[in-house]
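One file, upload-v9.txt, is given below (compact mmCIF, C-alpha atoms).
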# COMPACT_ATOMS: atom_id res chain seq x y z
CA MET R 4 69.99 91.28 97.31
CA ARG R 5 71.24 94.87 97.50
CA PHE R 6 73.35 96.46 100.19
CA ASP R 7 73.45 100.20 100.74
CA LYS R 8 74.17 102.69 103.48
CA GLY R 9 72.23 105.66 104.68
CA LYS R 10 72.82 109.15 103.42
CA ILE R 11 75.72 110.91 105.07
CA LYS R 12 74.34 113.92 106.88
CA ASP R 13 77.56 115.50 108.13
CA TYR R 14 80.75 114.98 106.10
CA TYR R 15 82.80 116.71 108.77
CA LEU R 16 82.47 113.62 110.97
CA PHE R 17 84.47 111.54 108.47
CA THR R 18 88.07 111.56 107.25
CA THR R 19 89.82 111.47 103.87
CA ASP R 20 92.80 109.12 103.55
CA VAL R 21 95.86 110.60 101.80
CA GLU R 22 98.48 108.06 100.75
CA ASN R 23 101.93 108.51 102.23
CA VAL R 24 103.34 107.97 98.74
CA PHE R 25 101.61 111.19 97.66
CA ILE R 26 102.87 113.15 100.67
CA ASN R 27 106.45 111.89 100.41
CA GLU R 28 106.99 111.83 96.65
CA TYR R 29 104.56 114.27 95.02
CA MET R 30 103.23 116.89 97.45
CA THR R 31 106.56 118.48 98.41
CA GLU R 32 107.42 119.38 94.81
CA ALA R 33 104.00 120.60 93.66
CA PRO R 34 102.65 124.18 93.73
CA GLY R 35 100.46 124.82 96.76
CA ASP R 36 97.23 125.45 94.89
CA TYR R 37 97.74 122.23 92.90
CA VAL R 38 97.95 120.35 96.20
CA LYS R 39 94.81 122.16 97.38
CA ALA R 40 92.94 121.03 94.25
CA TYR R 41 94.16 117.44 94.68
CA LEU R 42 93.12 117.20 98.35
CA TYR R 43 89.67 118.70 97.78
CA GLY R 44 89.14 116.51 94.72
CA LEU R 45 90.24 113.44 96.68
CA PHE R 46 87.75 114.38 99.40
CA CYS R 47 84.95 114.69 96.83
CA SER R 48 85.90 111.42 95.13
CA GLY R 49 85.46 109.56 98.40
CA TYR R 50 81.74 110.35 98.33
CA GLY R 51 81.17 110.23 94.57
CA MET R 52 80.43 113.96 94.32
CA GLU R 53 79.93 115.62 90.95
CA LEU R 54 81.00 119.26 90.73
CA LYS R 55 81.18 121.45 87.66
CA PRO R 56 84.72 122.80 87.10
CA ALA R 57 83.48 126.37 87.38
CA LEU R 58 81.83 125.71 90.75
CA LEU R 59 84.84 123.82 92.12
CA ALA R 60 87.12 126.66 91.03
CA GLU R 61 84.91 129.10 92.90
CA VAL R 62 84.94 126.96 96.05
CA LEU R 63 88.72 126.75 95.95
CA ARG R 64 89.06 130.47 95.13
CA MET R 65 91.02 129.52 92.00
CA ASP R 66 90.84 130.60 88.40
CA GLU R 67 89.12 127.88 86.34
CA ASP R 68 92.06 127.71 83.90
CA ARG R 69 94.44 127.35 86.83
CA LEU R 70 92.31 124.49 88.19
CA ARG R 71 92.51 122.73 84.83
CA GLU R 72 96.30 123.24 84.82
CA ALA R 73 96.42 121.59 88.25
CA TRP R 74 94.63 118.46 87.02
CA GLU R 75 96.82 118.31 83.91
CA TYR R 76 99.88 118.56 86.14
CA TRP R 77 98.69 115.65 88.31
CA GLU R 78 97.91 113.65 85.16
CA ARG R 79 101.48 114.20 83.93
CA MET R 80 102.70 113.01 87.30
CA ASN R 81 100.59 109.81 86.80
CA VAL R 82 98.58 110.64 89.93
CA VAL R 83 95.17 111.03 88.24
CA ASP R 84 93.49 110.21 84.93
CA ILE R 85 91.37 112.78 83.11
CA THR R 86 88.45 111.74 80.90
CA GLU R 87 86.95 114.44 78.67
CA GLU R 88 83.14 114.69 78.58
CA GLU R 89 80.63 116.89 76.78
CA ASP R 90 79.89 119.07 79.80
CA GLY R 91 83.33 118.96 81.45
CA TYR R 92 85.72 116.23 82.48
CA THR R 93 86.07 113.45 85.04
CA VAL R 94 89.10 113.10 87.31
CA VAL R 95 89.94 109.57 88.52
CA PHE R 96 92.43 109.25 91.38
CA ARG R 97 95.00 106.48 91.00
CA ASN R 98 96.07 104.04 93.72
CA LEU R 99 99.65 105.28 94.17
CA ARG R 100 100.81 102.40 96.36
CA GLU R 101 99.75 99.82 93.81
CA GLN R 102 101.21 101.91 91.00
CA LEU R 103 104.57 102.29 92.75
CA TYR R 104 105.14 98.66 93.61
CA SER R 105 103.35 96.71 90.87
CA GLY R 106 105.55 95.00 88.32
CA GLU R 107 108.70 95.85 90.23
CA HIS R 108 110.09 92.29 90.34
CA GLU R 109 109.85 91.15 86.76
CA GLU R 110 110.73 87.57 86.17
CA GLU R 111 113.84 87.00 84.12
CA LYS R 112 113.00 85.64 80.73
CA ALA R 113 115.37 82.90 79.64
CA GLU R 114 116.49 82.85 76.04
CA GLU R 115 115.07 79.96 74.03
CA PRO R 116 117.85 77.45 73.28
CA VAL R 117 119.00 77.44 69.72
CA THR R 118 118.15 74.14 67.99
CA GLU R 119 119.46 72.83 64.73
CA GLU R 120 118.63 69.63 62.97
CA ALA R 121 121.10 69.93 60.12
CA ALA R 122 123.99 67.49 60.05
CA ILE R 123 127.34 68.51 61.55
CA PRO R 124 130.63 67.98 59.79
CA ALA R 125 131.63 64.31 60.00
CA ALA R 126 134.47 63.51 62.35
CA GLY R 127 137.81 63.79 60.60
CA THR R 128 136.52 66.02 57.74
CA ASP R 129 136.86 69.28 59.64
CA GLU R 130 140.06 69.49 61.64
CA ASP R 131 139.05 72.67 63.51
CA PHE R 132 135.73 71.18 64.52
CA ARG R 133 137.41 67.96 65.71
CA LYS R 134 139.92 69.94 67.82
CA LEU R 135 137.11 72.04 69.26
CA THR R 136 134.97 69.09 70.29
CA ASN R 137 137.97 67.24 71.73
CA ALA R 138 138.81 70.31 73.83
CA ALA R 139 135.18 70.60 74.90
CA GLU R 140 135.12 66.98 76.04
CA ASP R 141 138.31 67.55 78.04
CA MET R 142 136.77 70.57 79.81
CA LEU R 143 133.45 68.83 80.50
CA GLY R 144 135.13 65.60 81.56
CA ARG R 145 132.83 63.47 79.41
CA PRO R 146 132.21 62.61 75.76
CA LEU R 147 129.72 64.66 73.75
CA ASN R 148 126.66 62.89 72.38
CA GLY R 149 125.29 63.25 68.89
CA LYS R 150 122.73 65.92 69.82
CA GLU R 151 125.39 68.03 71.51
CA LEU R 152 127.72 67.71 68.51
CA GLN R 153 124.85 68.78 66.28
CA GLU R 154 124.17 71.81 68.50
CA ILE R 155 127.81 72.92 68.42
CA GLY R 156 127.85 72.65 64.63
CA SER R 157 124.79 74.92 64.41
CA TRP R 158 126.58 77.69 66.30
CA THR R 159 129.17 77.95 63.55
CA ARG R 160 126.81 77.61 60.59
CA GLU R 161 123.79 79.64 61.79
CA LEU R 162 125.33 82.18 64.17
CA GLY R 163 128.70 82.61 62.52
CA VAL R 164 130.44 82.03 65.85
CA THR R 165 134.15 81.18 65.60
CA SER R 166 135.72 78.09 67.18
CA GLU R 167 137.72 80.42 69.41
CA VAL R 168 134.57 81.95 70.91
CA ILE R 169 132.93 78.53 71.33
CA PHE R 170 136.03 77.29 73.15
CA GLU R 171 135.83 80.28 75.51
CA ALA R 172 132.14 79.50 76.12
CA PHE R 173 132.91 75.93 77.17
CA ASP R 174 135.75 77.13 79.39
CA TYR R 175 133.57 79.84 81.00
CA CYS R 176 130.62 77.50 81.66
CA SER R 177 132.74 74.60 82.94
CA GLU R 178 134.38 76.92 85.50
CA MET R 179 130.93 77.75 86.82
CA GLY R 180 129.91 74.09 86.87
CA LYS R 181 127.31 74.65 84.12
CA THR R 182 127.92 71.74 81.74
CA GLY R 183 124.48 71.38 80.17
CA ILE R 184 124.43 72.05 76.42
CA ASN R 185 121.30 74.23 76.73
CA TYR R 186 123.01 76.58 79.19
CA ILE R 187 126.19 76.76 77.07
CA SER R 188 124.01 77.43 74.02
CA LYS R 189 122.44 80.44 75.75
CA VAL R 190 125.89 81.82 76.53
CA VAL R 191 127.05 81.39 72.92
CA LEU R 192 123.86 83.02 71.61
CA ALA R 193 124.28 85.99 73.99
CA TRP R 194 127.90 86.47 72.92
CA ALA R 195 126.91 86.26 69.25
CA LYS R 196 124.36 89.03 69.83
CA GLU R 197 127.14 91.12 71.41
CA GLY R 198 129.20 90.67 68.26
CA LEU R 199 132.09 88.87 69.97
CA LYS R 200 134.44 87.37 67.37
CA THR R 201 137.69 86.54 69.17
CA GLY R 202 138.91 85.18 72.47
CA ASP R 203 140.29 88.59 73.44
CA MET R 204 136.89 90.18 72.80
CA VAL R 205 135.27 87.55 75.01
CA LYS R 206 137.79 88.16 77.82
CA ALA R 207 137.25 91.94 77.64
CA TYR R 208 133.46 91.43 77.65
CA LEU R 209 133.61 89.10 80.65
CA GLU R 210 135.79 91.56 82.54
CA LYS R 211 133.32 94.35 81.90
CA THR R 212 130.37 92.10 82.71
CA SER R 213 132.01 90.99 85.93
CA GLU R 214 132.54 94.63 86.91
CA ARG R 215 128.93 95.45 86.03
CA GLN R 216 127.67 92.44 88.00
CA GLY R 217 129.67 93.75 90.94
CA SER R 218 127.93 97.12 90.49
CA TYR R 219 124.53 95.42 90.51
CA ARG R 220 125.38 93.61 93.74
CA ARG R 221 126.66 96.79 95.43
CA ILE R 222 123.49 98.68 94.54
CA LEU R 223 121.13 95.94 95.72
CA ASN R 224 123.13 95.40 98.92
CA SER R 225 123.08 99.15 99.69
CA LEU R 226 119.26 98.97 99.59
CA GLY R 227 119.21 95.87 101.80
CA LEU R 228 117.85 93.72 98.93
CA LYS R 229 119.21 90.18 99.24
CA ARG R 230 118.19 88.83 95.86
CA ASN R 231 119.28 88.69 92.22
CA ILE R 232 118.69 91.70 90.03
CA THR R 233 115.92 91.43 87.43
CA GLU R 234 116.42 92.12 83.73
CA ALA R 235 114.29 95.28 83.98
CA GLU R 236 116.43 96.51 86.87
CA LYS R 237 119.61 95.73 84.94
CA ARG R 238 118.43 97.95 82.10
CA MET R 239 117.62 100.67 84.62
CA VAL R 240 121.08 100.53 86.24
CA ASP R 241 122.79 100.32 82.85
CA GLY R 242 120.98 103.55 81.95
CA TRP R 243 122.37 105.27 85.04
CA LEU R 244 125.92 104.25 84.18
CA ASP R 245 125.97 104.31 80.37
CA ASP R 246 123.38 106.93 79.39
CA MET R 247 123.23 109.32 82.35
CA HIS R 248 126.94 108.78 83.15
CA PHE R 249 126.52 108.69 86.92
CA SER R 250 129.48 107.48 88.96
CA MET R 251 129.01 104.61 91.38
CA ASP R 252 129.54 107.01 94.30
CA ARG R 253 126.64 109.21 93.15
CA ILE R 254 124.40 106.17 92.60
CA LEU R 255 125.16 104.88 96.09
CA GLU R 256 124.39 108.38 97.42
CA ALA R 257 120.95 108.14 95.79
CA CYS R 258 120.56 104.65 97.28
CA GLU R 259 121.28 106.13 100.70
CA LYS R 260 118.39 108.55 100.23
CA ALA R 261 116.14 105.66 99.23
CA GLY R 262 117.20 103.84 102.39
CA PHE R 263 115.22 106.34 104.46
CA THR R 264 111.96 105.33 102.78
CA GLN R 265 109.67 102.64 104.14
CA SER R 266 110.37 100.26 101.25
CA PRO R 267 113.69 101.03 99.48
CA ASN R 268 113.65 100.09 95.80
CA LEU R 269 115.39 100.87 92.54
CA ARG R 270 112.42 102.80 91.18
CA TYR R 271 112.84 105.37 93.94
CA VAL R 272 116.59 105.56 93.24
CA ASN R 273 115.82 106.05 89.56
CA LYS R 274 113.55 108.97 90.36
CA VAL R 275 116.25 110.60 92.51
CA LEU R 276 118.84 110.20 89.76
CA GLU R 277 116.48 111.50 87.08
CA ASN R 278 115.87 114.60 89.22
CA TRP R 279 119.62 115.06 89.68
CA LYS R 280 120.16 114.67 85.93
CA GLN R 281 117.47 117.22 85.15
CA GLU R 282 118.91 119.60 87.72
CA ALA R 283 122.45 119.18 86.37
CA ASP R 284 121.26 119.78 82.81
CA SER R 285 119.38 122.90 83.85
CA TRP R 286 122.57 124.26 85.45
CA GLY R 287 124.81 123.05 82.64
CA ARG R 288 127.07 120.99 84.89
CA ASP R 289 128.26 117.40 85.13
CA VAL R 290 125.84 115.02 86.88
CA ASN R 291 128.53 113.98 89.35
CA GLN R 292 129.42 117.55 90.35
CA ARG R 293 128.08 118.48 93.75
CA VAL R 294 126.87 122.00 94.44
CA ASN R 295 127.60 124.04 97.55
CA VAL R 296 123.90 124.39 98.26
CA SER R 297 121.86 121.23 98.62
CA GLN R 298 118.33 120.90 97.28
CA ASN R 299 117.16 120.71 100.87
CA THR R 300 118.78 124.07 101.67
CA LEU R 301 117.31 125.62 98.53
CA ASN R 302 113.85 124.33 99.52
CA LYS R 303 114.28 125.83 102.99
CA TYR R 304 115.30 129.15 101.44
CA TYR R 305 112.19 129.11 99.26
CA GLU R 306 110.15 128.39 102.39
CA TYR R 307 111.85 131.34 104.10
CA LEU R 308 110.94 133.60 101.16
CA ARG R 309 107.32 132.48 101.27
CA ASN R 310 107.15 133.10 105.02
CA GLN R 311 108.61 136.57 104.57
CA ALA R 312 106.09 137.34 101.83
CA GLU R 313 103.26 136.23 104.12
CA VAL R 314 104.59 138.30 107.01
CA ARG R 315 104.77 141.41 104.80
CA ALA R 316 101.24 140.77 103.50
CA GLU R 317 99.96 140.42 107.07
CA GLY R 318 101.60 143.77 107.90
CA ARG R 319 99.84 145.42 104.97
CA ARG R 320 96.53 143.88 106.04
CA ARG R 321 96.92 145.28 109.55
CA GLU R 322 97.70 148.69 108.06
CA VAL R 323 94.50 148.59 106.00
CA TYR R 324 92.42 147.24 108.91
CA ASP R 325 93.67 150.02 111.21
CA LYS R 326 92.68 152.68 108.72
CA LEU R 327 89.57 150.95 107.35
CA PRO R 328 87.96 148.67 109.99
CA GLU R 329 85.12 147.97 107.58
CA ILE R 330 87.59 146.11 105.31
CA ARG R 331 88.31 143.69 108.16
CA GLN R 332 84.59 142.99 108.55
CA ILE R 333 84.22 142.49 104.78
CA ASP R 334 87.05 139.94 104.81
CA ILE R 335 85.43 138.10 107.73
CA ASN R 336 82.12 138.04 105.87
CA LEU R 337 83.78 136.78 102.66
CA GLN R 338 85.42 133.95 104.56
CA SER R 339 82.13 133.02 106.17
CA LEU R 340 80.31 133.04 102.82
CA SER R 341 83.00 130.82 101.24
CA SER R 342 82.44 128.32 104.05
CA LYS R 343 78.70 128.47 103.40
CA ILE R 344 79.26 127.56 99.76
CA SER R 345 81.41 124.59 100.75
CA ARG R 346 78.84 123.37 103.28
CA GLY R 347 76.04 123.98 100.82
CA LEU R 348 77.69 121.77 98.23
CA LEU R 349 77.93 118.97 100.74
CA GLY R 350 74.52 119.50 102.26
CA GLY R 351 72.53 119.73 99.03
CA SER R 352 71.55 123.42 99.07
CA THR R 353 69.33 124.62 96.25
CA VAL R 354 70.67 126.44 93.19
CA SER R 355 68.78 129.53 94.31
CA ASP R 356 70.48 129.52 97.71
CA MET R 357 73.90 129.13 96.10
CA ASP R 358 73.27 131.93 93.59
CA SER R 359 72.24 134.21 96.44
CA ILE R 360 75.46 133.52 98.33
CA LYS R 361 77.59 134.05 95.22
CA LYS R 362 75.86 137.38 94.54
CA GLU R 363 76.55 138.47 98.12
CA ILE R 364 80.23 137.57 97.64
CA ARG R 365 80.44 139.63 94.44
CA ASP R 366 78.79 142.62 96.13
CA LEU R 367 81.23 142.47 99.07
CA GLU R 368 84.24 142.19 96.75
CA LYS R 369 83.00 145.22 94.80
CA GLU R 370 82.49 147.20 98.03
CA ARG R 371 85.98 146.20 99.20
CA ALA R 372 87.57 147.35 95.92
CA ILE R 373 85.84 150.72 96.12
CA LEU R 374 86.99 151.32 99.71
CA LEU R 375 90.59 150.47 98.84
CA THR R 376 90.81 152.70 95.76
CA GLU R 377 89.05 155.62 97.49
CA ASN R 378 91.71 155.47 100.20
CA ASN R 379 94.66 155.24 97.76
CA PHE R 380 95.34 151.51 98.25
CA ALA R 381 96.00 149.22 95.30
CA LEU R 382 93.42 146.46 94.83
CA ASP R 383 96.06 143.80 95.54
CA TYR R 384 97.66 145.69 98.42
CA THR R 385 96.78 143.04 101.00
CA ASP R 386 97.66 140.09 98.73
CA ILE R 387 100.79 137.98 99.26
CA LYS R 388 103.47 139.19 96.81
CA TYR R 389 106.08 136.56 95.99
CA LEU R 390 109.46 137.35 94.46
CA CYS R 391 108.62 135.03 91.56
CA PRO R 392 105.01 135.15 90.38
CA LYS R 393 105.59 132.17 88.07
CA CYS R 394 106.23 129.67 90.87
CA SER R 395 105.01 131.60 93.96
CA ASP R 396 108.51 131.06 95.45
CA THR R 397 108.27 127.27 95.37
CA GLY R 398 110.96 126.71 92.73
CA ILE R 399 108.53 124.63 90.61
CA ASP R 400 106.57 126.23 87.80
CA GLU R 401 102.98 125.42 86.83
CA LYS R 402 104.17 122.64 84.47
CA GLY R 403 105.99 120.86 87.26
CA ARG R 404 109.44 121.89 86.02
CA ARG R 405 112.23 123.73 87.82
CA CYS R 406 111.43 127.42 87.65
CA SER R 407 113.79 129.78 85.82
CA CYS R 408 114.26 131.71 89.08
CA ALA R 409 116.07 128.74 90.67
CA ARG R 410 119.49 129.79 89.39
CA GLU R 411 119.20 133.21 91.03
CA ARG R 412 117.72 131.72 94.21
CA MET R 413 120.60 129.20 94.41
CA GLY R 414 123.13 132.01 94.77
CA GLU R 415 120.96 133.76 97.34
CA ALA R 416 120.48 130.51 99.25
CA GLU R 417 124.24 130.09 99.63
CA LEU R 418 124.54 133.57 101.16
CA TRP R 419 121.47 132.93 103.33
CA GLN R 420 122.92 129.62 104.49
CA ASN R 421 126.15 131.37 105.53
CA GLY R 422 124.26 134.17 107.34
CA LYS R 423 125.27 136.82 104.81
CA LEU R 424 121.78 137.62 103.57
Rewrite the structure from the file as structure tokens, please.
Amino acid sequence: MRFDKGKIKDYYLFTTDVENVFINEYMTEAPGDYVKAYLYGLFCSGYGMELKPALLAEVLRMDEDRLREAWEYWERMNVVDITEEEDGYTVVFRNLREQLYSGEHEEEKAEEPVTEEAAIPAAGTDEDFRKLTNAAEDMLGRPLNGKELQEIGSWTRELGVTSEVIFEAFDYCSEMGKTGINYISKVVLAWAKEGLKTGDMVKAYLEKTSERQGSYRRILNSLGLKRNITEAEKRMVDGWLDDMHFSMDRILEACEKAGFTQSPNLRYVNKVLENWKQEADSWGRDVNQRVNVSQNTLNKYYEYLRNQAEVRAEGRRREVYDKLPEIRQIDINLQSLSSKISRGLLGGSTVSDMDSIKKEIRDLEKERAILLTENNFALDYTDIKYLCPKCSDTGIDEKGRRCSCARERMGEAELWQNGKL
């Protein structure tokens, strides 16, 4: 049995779903033409369309190399996968929701208890061992059995743990009500891995661990997560504190930003902090130092610059149209022909029809160039001219990194924010 549906005759009657994850976390930081390529590609993927890169670049009015850069950017962002083929490449769009939330709550993996079958020192032949076990029995409130005595002996012989550290382990576990030898063994093994040799080292470690546990709880509580932290999340938070050197105040500030999302989680906080770290490094400042101009203000200033550039370009277009009305008609015709190409791709137009339209476009562009130069206008006179051609006044370069113009724009944004620019 085979199920199929009829051929779609008019794609304009349907819609293309864009994930909110893309809009909220990827779109705002990407160059505009990269977003344009993503949306059109997503639209095509919904209907299994196959387009040659050269033809897609022409439809989008983009350079073919620029189109390839867009896909490589989205691949670096883990939004798409690119598969190279003999006659081009295939772009596969990832499910961003599944990617964002999968594997987030890793199960904690318990350490395997250390076992040892070798004999322990006989009672009365090792005074330190006898004192240790007597103290352990006092703390546990019960006598130790042979298996437990054997386990304790293995800690000293195999792990090199001192009696002092073992005593601290029994004391620590008994205070928590954990009197099982397997649990105590895990504690001793963990402390041995940390290189703890004395009681003072254990006390210092527990104090630091207690403080870190408090940090874990504060972070989870700030996100409204009423659960224990996973091992993967612990490593993430430890990286914020120990490797990136963020203060707790800055981490909680990032958590506050995550709180405005639909599903607050530590992965989102991690992305915020990584962006802050990258920004701080690019400016050569401490990660906990706040700047006078927020990223939001800088983004608004970039938006203001883009709007101004578009307004100036529109003014130049009106100037040309007033002097050369035929240029206006050419631009209208070019726009109409571009729409024809797009509809032709969807409607299955012949190669001959498409070639005819493309030739007409080239002829009109040539006629337009001649009219402009004959009347002392530069060929790009009506184009939008951004202050920074590398990022088109977005602050993000073609590789998805902060543009080198950001430092200069930051100073301008502060003046603009205060009404002095």
Enumerate, as a PDB file with C-alpha atoms, in the coordinates of the input, the protein, DNA and RNA residues whose atoms approach (98.3, 117.0, 86.7) to within 12 Å, taking into account all atoms listed in the file and the coordinate frame of the file.
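result.pdb written:
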ATOM      1  CA  TYR R  29     104.560 114.270  95.020  1.00  0.00           C
ATOM      2  CA  MET R  30     103.230 116.890  97.450  1.00  0.00           C
ATOM      3  CA  ALA R  33     104.000 120.600  93.660  1.00  0.00           C
ATOM      4  CA  PRO R  34     102.650 124.180  93.730  1.00  0.00           C
ATOM      5  CA  ASP R  36      97.230 125.450  94.890  1.00  0.00           C
ATOM      6  CA  TYR R  37      97.740 122.230  92.900  1.00  0.00           C
ATOM      7  CA  VAL R  38      97.950 120.350  96.200  1.00  0.00           C
ATOM      8  CA  ALA R  40      92.940 121.030  94.250  1.00  0.00           C
ATOM      9  CA  TYR R  41      94.160 117.440  94.680  1.00  0.00           C
ATOM     10  CA  ARG R  69      94.440 127.350  86.830  1.00  0.00           C
ATOM     11  CA  LEU R  70      92.310 124.490  88.190  1.00  0.00           C
ATOM     12  CA  ARG R  71      92.510 122.730  84.830  1.00  0.00           C
ATOM     13  CA  GLU R  72      96.300 123.240  84.820  1.00  0.00           C
ATOM     14  CA  ALA R  73      96.420 121.590  88.250  1.00  0.00           C
ATOM     15  CA  TRP R  74      94.630 118.460  87.020  1.00  0.00           C
ATOM     16  CA  GLU R  75      96.820 118.310  83.910  1.00  0.00           C
ATOM     17  CA  TYR R  76      99.880 118.560  86.140  1.00  0.00           C
ATOM     18  CA  TRP R  77      98.690 115.650  88.310  1.00  0.00           C
ATOM     19  CA  GLU R  78      97.910 113.650  85.160  1.00  0.00           C
ATOM     20  CA  ARG R  79     101.480 114.200  83.930  1.00  0.00           C
ATOM     21  CA  MET R  80     102.700 113.010  87.300  1.00  0.00           C
ATOM     22  CA  ASN R  81     100.590 109.810  86.800  1.00  0.00           C
ATOM     23  CA  VAL R  82      98.580 110.640  89.930  1.00  0.00           C
ATOM     24  CA  VAL R  83      95.170 111.030  88.240  1.00  0.00           C
ATOM     25  CA  ASP R  84      93.490 110.210  84.930  1.00  0.00           C
ATOM     26  CA  ILE R  85      91.370 112.780  83.110  1.00  0.00           C
ATOM     27  CA  VAL R  94      89.100 113.100  87.310  1.00  0.00           C
ATOM     28  CA  VAL R  95      89.940 109.570  88.520  1.00  0.00           C
ATOM     29  CA  PHE R  96      92.430 109.250  91.380  1.00  0.00           C
ATOM     30  CA  ARG R  97      95.000 106.480  91.000  1.00  0.00           C
ATOM     31  CA  GLU R 401     102.980 125.420  86.830  1.00  0.00           C
ATOM     32  CA  LYS R 402     104.170 122.640  84.470  1.00  0.00           C
ATOM     33  CA  GLY R 403     105.990 120.860  87.260  1.00  0.00           C
TER      34      GLY R 403
END
Point-to-point distance from CA of Phe17 (chain R) to CA of Ser342 (chain R), Å rounded to tenths: 17.5 Å
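The gap separating CA of Thr31 (chain R) from CA of Leu54 (chain R) is 26.7 Å, in Å to one decimal.
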Atom pair CA of Ser285 (chain R) / CA of Asp246 (chain R): separation (Å): 17.1 Å
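The list of residues with at least one atom within 12 Å of Asn310 (chain R), based on all atoms listed in the file and without residues fewer than 5 positions apart in the same chain, reads R:Lys303, R:Tyr304, R:Tyr305, R:Arg315, R:Ala316, R:Glu317, R:Ile387, R:Lys388, R:Tyr389, R:Leu390, R:Ser395, R:Asp396, R:Thr397.
Between Ala138 (chain R) and the residues R:Ser157, R:Ser177, R:Thr212, R:Ser341, the shortest atom-to-atom distance, using all atoms listed in the file, involves R:Ser177.
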Show me, as a Markdown table, the residues of region 223-324 of chain R having an atom within 12 Å of region 353-375 of chain R, each with the closest atom pair and its distance in Å, using only C-alpha atoms.
| residue | atom | partner | partner_atom | distance |
| --- | --- | --- | --- | --- |
| R:Arg320 | CA | R:Leu375 | CA | 11.4 |
| R:Glu322 | CA | R:Leu375 | CA | 11.8 |
| R:Val323 | CA | R:Leu375 | CA | 8.4 |
| R:Tyr324 | CA | R:Leu375 | CA | 10.7 |
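Using all atoms listed in the file for every distance, the candidate list R:Ser250, R:Asp66, R:Asn336, R:Met142 yields R:Ser250 as the residue closest to Asp289 (chain R).
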Nearby residues (all atoms listed in the file) at most 12 Å from Ser225 (chain R), same-chain spacing under 5 positions excluded, as a PyMOL selection string: chain R and resi 218-220+251-252+254-263+267-269+272
